[in-house]
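Asks: Let me give you the structure first, and then I'll get to my questions.
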Amino acid sequence: MNKLLFAAPASGSGKTTVTCAVLTALKRRGSRVHAFKCGPDYIDPMFHRAALGIPCHNLDLYLTKEDRLKTLFDRYSAGADVVVAEGVMGFYDGVGGVTPEASAWHVADVLDLPVVLVVRPKGASLSLSALVNGLRTVPESAGPGKTDSHLRALILSDCSEMLYRSLKPMLETETGLPVLGFLPHLEDAQFESRHLGLVTAEEDPDLLRKLDLLADAAEAHIDLDALLALGDAPAEAPDGVSDLVRGTAFPAPDVRIAVASDAAFQFCYDETLDAFREAGMEPVFFSPLSDDGLPEDIHALYLPGGYPELHAEALAANESMRKAIREAVQNGLPTVAECGGFLYLGQGLTTPEGEEYPMAGVLPGTAEKTGRPVRFGYAELTSNESTLVATAGTPVRIHNFHYYESSERGGTYLARKPVSGRSYETGFGTETLYAGFPHLYFAGSPDLCARLAEAARAFQTR
């Protein structure tokens, strides 16, 4: 197995573009390629999935302990010829922006991944070598004994061939790292953006053509063989890895969880679905946009995040679904509603154009766009009473990323930021409900799934 991680000095350097170009090119070769994304990002993995035709999985060392991360990595690397991970933000940018915890470097260090630094040489030349050499020095806050940056090579992005020919020998001399190629600027292969990041892969009807253009450029201008040679690793899972990691079947399910999945509710990690299966819950998919009601014989409900604000009119028009969900939640169906799912449970939702539409009406409050990120980043939730997803006094790690605000965001939980210590109240929680802006990470915390599955079984036997 070959494995590597693409990182960058900062966001906007071209990590996603380079990653998608290489993934598509390697798939063309007939390689079995598996992809990962560092951090809690939902959207970049959609592009990896589009390139490969199989799920991409996340690697987050704030939401997941190191041993659990290794287990997930082994599970989702099984059977691959090549494993490619994409970093998050700048190389050492971790929790709070002032610690390398949960950074791309931290993931590379825990999993021993060789790192290819993607550098966009806009407005700089020799200074790039100083930047690269600086990144080869691990910050002291990483802890004693941490001296390996894991940087093994460079790729230049958004770079002309003439500039590449000038920069390559200089960078190799000054940094001692090989420069393995470049991607030119490809106007016809640009990914569009919106308020939560890139426009999702499913929304770009031209995406496959763009990926082909990127793969053409990767094959022409990147030394793929040298890239793969950076990270040879044993193909077999190490001793002591559980049977689940080795790809055997999950336990037979004894309860069913309805999972919203359509254009309005897309932000569900693939490993979350496996975490449900691992806990004995069978995911059953449905669409709040187009289905008349909830699936039959369900014992729990999961409403993930997404873009309900872009589909508010259609969600409102589906009155039978809104009624079915309202009655189910009020009847005690164990329900997790994160961010966009939380907005759907409210009284009303205003579109970016200013039109307000009724939602499911389970919770108080209406929501509208703020124009800026609200309570962005990681935090820990605690509650004075036990709820569906938390034991009283025991912290649950979450992340926030939303531009919408609700007039009633709840106050069951106290969220505390990990670096600043700043806190705020958020979320609605009971023994059968979690609803709030914070996203949970079920794959990183099996206890969360165990609590949800226990509640589902209690509902089943009422």
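Residue names in the structure tokens use chain letters A, B, ... in the order shown, residue numbers from 1 in each chain, and ligand numbers from 1 in the order shown.
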Go through stretch 133-335 of chain A and collect every residue that DSSP, computed from the backbone, puts in strand (DSSP E or B); the answer should be as a PyMOL selection string.
Replies: chain A and resi 151-157+179-183+193-194+197-198+222+232+255-260+262+265+267+281-286+300-303+305+335
Asks: Based on DSSP run over this structure's backbone, return all residues of stretch 112-344 of chain A in helix (DSSP H, G or I), as number ranges by chain.
Replies: A: 126-135, 140-142, 161-175, 187-189, 201-203, 207-221, 224-229, 270-278, 308-317, 319-330, 340-344
Asks: Please list as a ChimeraX atom specification every residue within 7 Å of A:Leu230, counting only C-alpha atoms and excluding residues in the same chain fewer than 3 positions away.
Replies: /A:114,226-227
Asks: Do you have, as a Markdown table, the list of residues of stretch 95-178 of chain A lying at most 10 Å from stretch 398-421 of chain A, each with its nearest atom pair and that distance in Å to one decimal, counting only C-alpha atoms and ordered by chain then number?
Replies:
| residue | atom | partner | partner_atom | distance |
| --- | --- | --- | --- | --- |
| A:Val95 | CA | A:Val419 | CA | 7.4 |
| A:Gly96 | CA | A:Val419 | CA | 5.8 |
| A:Gly97 | CA | A:Val419 | CA | 9.0 |
| A:Val98 | CA | A:Val419 | CA | 8.2 |
| A:Thr99 | CA | A:Val419 | CA | 8.8 |
Asks: Generate the output file for the selected residues, all heavy atoms, as a PDB file, in the first residue's frame.
Replies:
ATOM      1  N   VAL A  95      -6.424  23.135  16.896  1.00  0.00           N
ATOM      2  CA  VAL A  95      -7.477  23.642  17.776  1.00  0.00           C
ATOM      3  C   VAL A  95      -7.202  25.086  18.164  1.00  0.00           C
ATOM      4  O   VAL A  95      -6.125  25.425  18.657  1.00  0.00           O
ATOM      5  CB  VAL A  95      -7.580  22.758  19.036  1.00  0.00           C
ATOM      6  CG1 VAL A  95      -8.581  23.337  20.029  1.00  0.00           C
ATOM      7  CG2 VAL A  95      -7.993  21.344  18.643  1.00  0.00           C
ATOM      8  N   GLY A  96      -8.161  25.949  17.915  1.00  0.00           N
ATOM      9  CA  GLY A  96      -8.037  27.351  18.277  1.00  0.00           C
ATOM     10  C   GLY A  96      -7.057  28.140  17.440  1.00  0.00           C
ATOM     11  O   GLY A  96      -6.867  29.337  17.658  1.00  0.00           O
ATOM     12  N   GLY A  97      -6.413  27.476  16.483  1.00  0.00           N
ATOM     13  CA  GLY A  97      -5.437  28.156  15.642  1.00  0.00           C
ATOM     14  C   GLY A  97      -4.107  28.416  16.318  1.00  0.00           C
ATOM     15  O   GLY A  97      -3.194  28.979  15.696  1.00  0.00           O
ATOM     16  N   VAL A  98      -3.957  27.995  17.589  1.00  0.00           N
ATOM     17  CA  VAL A  98      -2.722  28.283  18.315  1.00  0.00           C
ATOM     18  C   VAL A  98      -2.070  27.019  18.853  1.00  0.00           C
ATOM     19  O   VAL A  98      -1.120  27.091  19.646  1.00  0.00           O
ATOM     20  CB  VAL A  98      -2.982  29.265  19.478  1.00  0.00           C
ATOM     21  CG1 VAL A  98      -3.450  30.601  18.947  1.00  0.00           C
ATOM     22  CG2 VAL A  98      -4.007  28.693  20.459  1.00  0.00           C
ATOM     23  N   THR A  99      -2.554  25.883  18.432  1.00  0.00           N
ATOM     24  CA  THR A  99      -1.984  24.597  18.841  1.00  0.00           C
ATOM     25  C   THR A  99      -2.047  23.651  17.658  1.00  0.00           C
ATOM     26  O   THR A  99      -2.984  23.739  16.846  1.00  0.00           O
ATOM     27  CB  THR A  99      -2.756  23.999  20.031  1.00  0.00           C
ATOM     28  OG1 THR A  99      -2.395  22.622  20.189  1.00  0.00           O
ATOM     29  CG2 THR A  99      -4.259  24.069  19.800  1.00  0.00           C
TER      30      THR A  99
END
Asks: Which residues come within 9 Å of A:Lys323, counting only C-alpha atoms, excluding same-chain residues fewer than 6 positions away, as a PyMOL selection string?
Replies: chain A and resi 293+360-361
Asks: Write out as CSV the residues of stretch 204-237 of chain A that have any atom within 12 Å of an atom of stretch 148-166 of chain A, one row each with the nearest atom pair and its distance in Å to one decimal, counting only C-alpha atoms, sorted by chain and then rising number.
Replies:
residue,atom,partner,partner_atom,distance
A:Leu214,CA,A:Ser157,CA,11.4
A:Ala217,CA,A:Ser157,CA,11.0
A:Ala218,CA,A:Ile155,CA,10.6
A:Ala220,CA,A:Glu161,CA,11.0
A:His221,CA,A:Glu161,CA,8.6
A:Ile222,CA,A:Ile155,CA,7.9
A:Asp223,CA,A:Ile155,CA,9.7
A:Leu224,CA,A:Ile155,CA,11.1
A:Ala226,CA,A:Ala153,CA,9.6
A:Leu227,CA,A:Ala153,CA,8.1
A:Leu228,CA,A:Ala153,CA,11.1
A:Ala229,CA,A:Arg152,CA,10.7
A:Leu230,CA,A:Arg152,CA,7.2
A:Gly231,CA,A:Arg152,CA,9.4
Asks: Near A:Ala337, within 8 Å and counting only C-alpha atoms, which residues show up once chain neighbours fewer than 4 positions away are dropped, as a PyMOL selection string?
Replies: chain A and resi 302-305+341-342+345+434-436
Asks: Write the selection just made, keeping N, CA, C and O atoms, as a PDB file, in the first residue's frame?
Replies:
ATOM      1  N   TYR A 302     -32.448  10.547  12.566  1.00  0.00           N
ATOM      2  CA  TYR A 302     -31.260  11.385  12.456  1.00  0.00           C
ATOM      3  C   TYR A 302     -31.475  12.401  11.339  1.00  0.00           C
ATOM      4  O   TYR A 302     -31.676  12.034  10.173  1.00  0.00           O
ATOM      5  N   LEU A 303     -31.455  13.689  11.726  1.00  0.00           N
ATOM      6  CA  LEU A 303     -31.575  14.798  10.776  1.00  0.00           C
ATOM      7  C   LEU A 303     -30.231  15.514  10.752  1.00  0.00           C
ATOM      8  O   LEU A 303     -29.949  16.365  11.602  1.00  0.00           O
ATOM      9  N   PRO A 304     -29.360  15.189   9.801  1.00  0.00           N
ATOM     10  CA  PRO A 304     -28.033  15.813   9.756  1.00  0.00           C
ATOM     11  C   PRO A 304     -28.101  17.225   9.199  1.00  0.00           C
ATOM     12  O   PRO A 304     -29.165  17.722   8.811  1.00  0.00           O
ATOM     13  N   GLY A 305     -26.949  17.872   9.148  1.00  0.00           N
ATOM     14  CA  GLY A 305     -26.872  19.212   8.591  1.00  0.00           C
ATOM     15  C   GLY A 305     -26.968  19.197   7.075  1.00  0.00           C
ATOM     16  O   GLY A 305     -27.080  18.156   6.435  1.00  0.00           O
ATOM     17  N   GLY A 341     -30.520  20.175  10.377  1.00  0.00           N
ATOM     18  CA  GLY A 341     -31.626  19.386  10.914  1.00  0.00           C
ATOM     19  C   GLY A 341     -32.322  20.106  12.046  1.00  0.00           C
ATOM     20  O   GLY A 341     -33.551  20.046  12.190  1.00  0.00           O
ATOM     21  N   PHE A 342     -31.559  20.817  12.877  1.00  0.00           N
ATOM     22  CA  PHE A 342     -32.105  21.641  13.950  1.00  0.00           C
ATOM     23  C   PHE A 342     -32.966  22.761  13.374  1.00  0.00           C
ATOM     24  O   PHE A 342     -34.070  23.045  13.869  1.00  0.00           O
ATOM     25  N   LEU A 345     -36.404  21.629  12.444  1.00  0.00           N
ATOM     26  CA  LEU A 345     -37.340  21.375  13.544  1.00  0.00           C
ATOM     27  C   LEU A 345     -37.944  22.654  14.115  1.00  0.00           C
ATOM     28  O   LEU A 345     -38.870  22.592  14.921  1.00  0.00           O
ATOM     29  N   TYR A 434     -31.866  15.324  20.917  1.00  0.00           N
ATOM     30  CA  TYR A 434     -30.769  16.283  20.831  1.00  0.00           C
ATOM     31  C   TYR A 434     -31.024  17.140  19.602  1.00  0.00           C
ATOM     32  O   TYR A 434     -31.156  16.606  18.479  1.00  0.00           O
ATOM     33  N   ALA A 435     -31.105  18.450  19.788  1.00  0.00           N
ATOM     34  CA  ALA A 435     -31.299  19.359  18.661  1.00  0.00           C
ATOM     35  C   ALA A 435     -30.508  20.626  18.927  1.00  0.00           C
ATOM     36  O   ALA A 435     -30.671  21.262  19.973  1.00  0.00           O
ATOM     37  N   GLY A 436     -29.634  20.986  17.996  1.00  0.00           N
ATOM     38  CA  GLY A 436     -28.837  22.188  18.172  1.00  0.00           C
ATOM     39  C   GLY A 436     -27.906  22.408  17.001  1.00  0.00           C
ATOM     40  O   GLY A 436     -27.768  21.555  16.117  1.00  0.00           O
TER      41      GLY A 436
END
Asks: Rounded to one decimal in Å, what is the spacing between atom CA of A:Ala443 and atom CA of A:Val116?
Replies: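 Computing the Euclidean distance for atom CA of A:Ala443 and atom CA of A:Val116 yields 27.1 Å.
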Asks: For the atom pair atom CA of A:Leu388 and atom CA of A:Thr370, what is the interatomic distance in Å to one decimal place?
Replies: 29.4 Å
Asks: Hey, can you check how far atom CA of A:Leu294 sits from atom CA of A:Ala328?
Replies: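 Result for atom CA of A:Leu294 versus atom CA of A:Ala328: 8.8 Å, one decimal.
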Asks: Let me make sure I understand: among A:Pro40, A:Pro100, A:Gly12, A:Gly53, which one has the smallest atom-to-atom distance to A:His439 if we use only C-alpha atoms?
Replies: A:Pro40
Asks: Pick out the closest residue to A:Gln190 from this set: A:Ala450, A:Phe265, A:Ala21, A:Pro395. Count only C-alpha atoms.
Replies: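 For A:Gln190, the nearest of the given residues is A:Ala21.
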Asks: Which residues are close to stretch 25-27 of chain A, i.e. within 10 Å by only C-alpha atoms, leaving aside same-chain residues fewer than 2 positions away? Reply as number ranges by chain.
Replies: A: 19-23, 29-34, 51-53, 81-82, 211-219, 224-225, 228
Asks: Just write the chosen residues, C-alpha atoms, as a PDB file, in the first residue's frame.
Replies:
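The resulting file, selection_38.pdb, is shown below:
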ATOM      1  CA  THR A  19      -5.936  16.025  -4.267  1.00  0.00           C
ATOM      2  CA  CYS A  20      -8.827  15.568  -6.709  1.00  0.00           C
ATOM      3  CA  ALA A  21      -6.455  15.685  -9.684  1.00  0.00           C
ATOM      4  CA  VAL A  22      -4.240  12.955  -8.226  1.00  0.00           C
ATOM      5  CA  LEU A  23      -7.174  10.806  -7.050  1.00  0.00           C
ATOM      6  CA  ARG A  29      -4.500   3.845 -13.810  1.00  0.00           C
ATOM      7  CA  GLY A  30      -6.650   1.134 -12.286  1.00  0.00           C
ATOM      8  CA  SER A  31      -5.383   1.624  -8.736  1.00  0.00           C
ATOM      9  CA  ARG A  32      -7.701   0.931  -5.809  1.00  0.00           C
ATOM     10  CA  VAL A  33      -7.586   4.339  -4.153  1.00  0.00           C
ATOM     11  CA  HIS A  34      -9.139   5.283  -0.809  1.00  0.00           C
ATOM     12  CA  ALA A  51     -13.437  11.392  -8.159  1.00  0.00           C
ATOM     13  CA  LEU A  52     -13.329   7.797  -6.898  1.00  0.00           C
ATOM     14  CA  GLY A  53     -16.947   6.634  -6.878  1.00  0.00           C
ATOM     15  CA  ASP A  81      -3.465   0.083  -3.217  1.00  0.00           C
ATOM     16  CA  VAL A  82      -3.135   3.793  -2.493  1.00  0.00           C
ATOM     17  CA  LEU A 211     -12.087  16.163 -12.759  1.00  0.00           C
ATOM     18  CA  ASP A 212     -10.996  14.749 -16.110  1.00  0.00           C
ATOM     19  CA  LEU A 213      -9.254  18.028 -16.953  1.00  0.00           C
ATOM     20  CA  LEU A 214      -7.482  17.978 -13.606  1.00  0.00           C
ATOM     21  CA  ALA A 215      -6.429  14.357 -14.099  1.00  0.00           C
ATOM     22  CA  ASP A 216      -5.086  15.180 -17.565  1.00  0.00           C
ATOM     23  CA  ALA A 217      -2.982  17.929 -16.008  1.00  0.00           C
ATOM     24  CA  ALA A 218      -1.767  15.650 -13.209  1.00  0.00           C
ATOM     25  CA  GLU A 219      -0.697  12.979 -15.663  1.00  0.00           C
ATOM     26  CA  LEU A 224       2.886  10.166 -10.021  1.00  0.00           C
ATOM     27  CA  ASP A 225       5.324   7.272  -9.662  1.00  0.00           C
ATOM     28  CA  LEU A 228       3.637   7.018  -4.721  1.00  0.00           C
TER      29      LEU A 228
END
Asks: Choose the residue, out of A:Leu113, A:Leu343, A:Leu171, A:Ala379, that has the smallest atom-to-atom separation from A:Ala367; count only C-alpha atoms.
Replies: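 When distances to A:Ala367 are compared using only C-alpha atoms, the smallest one comes from A:Leu343.
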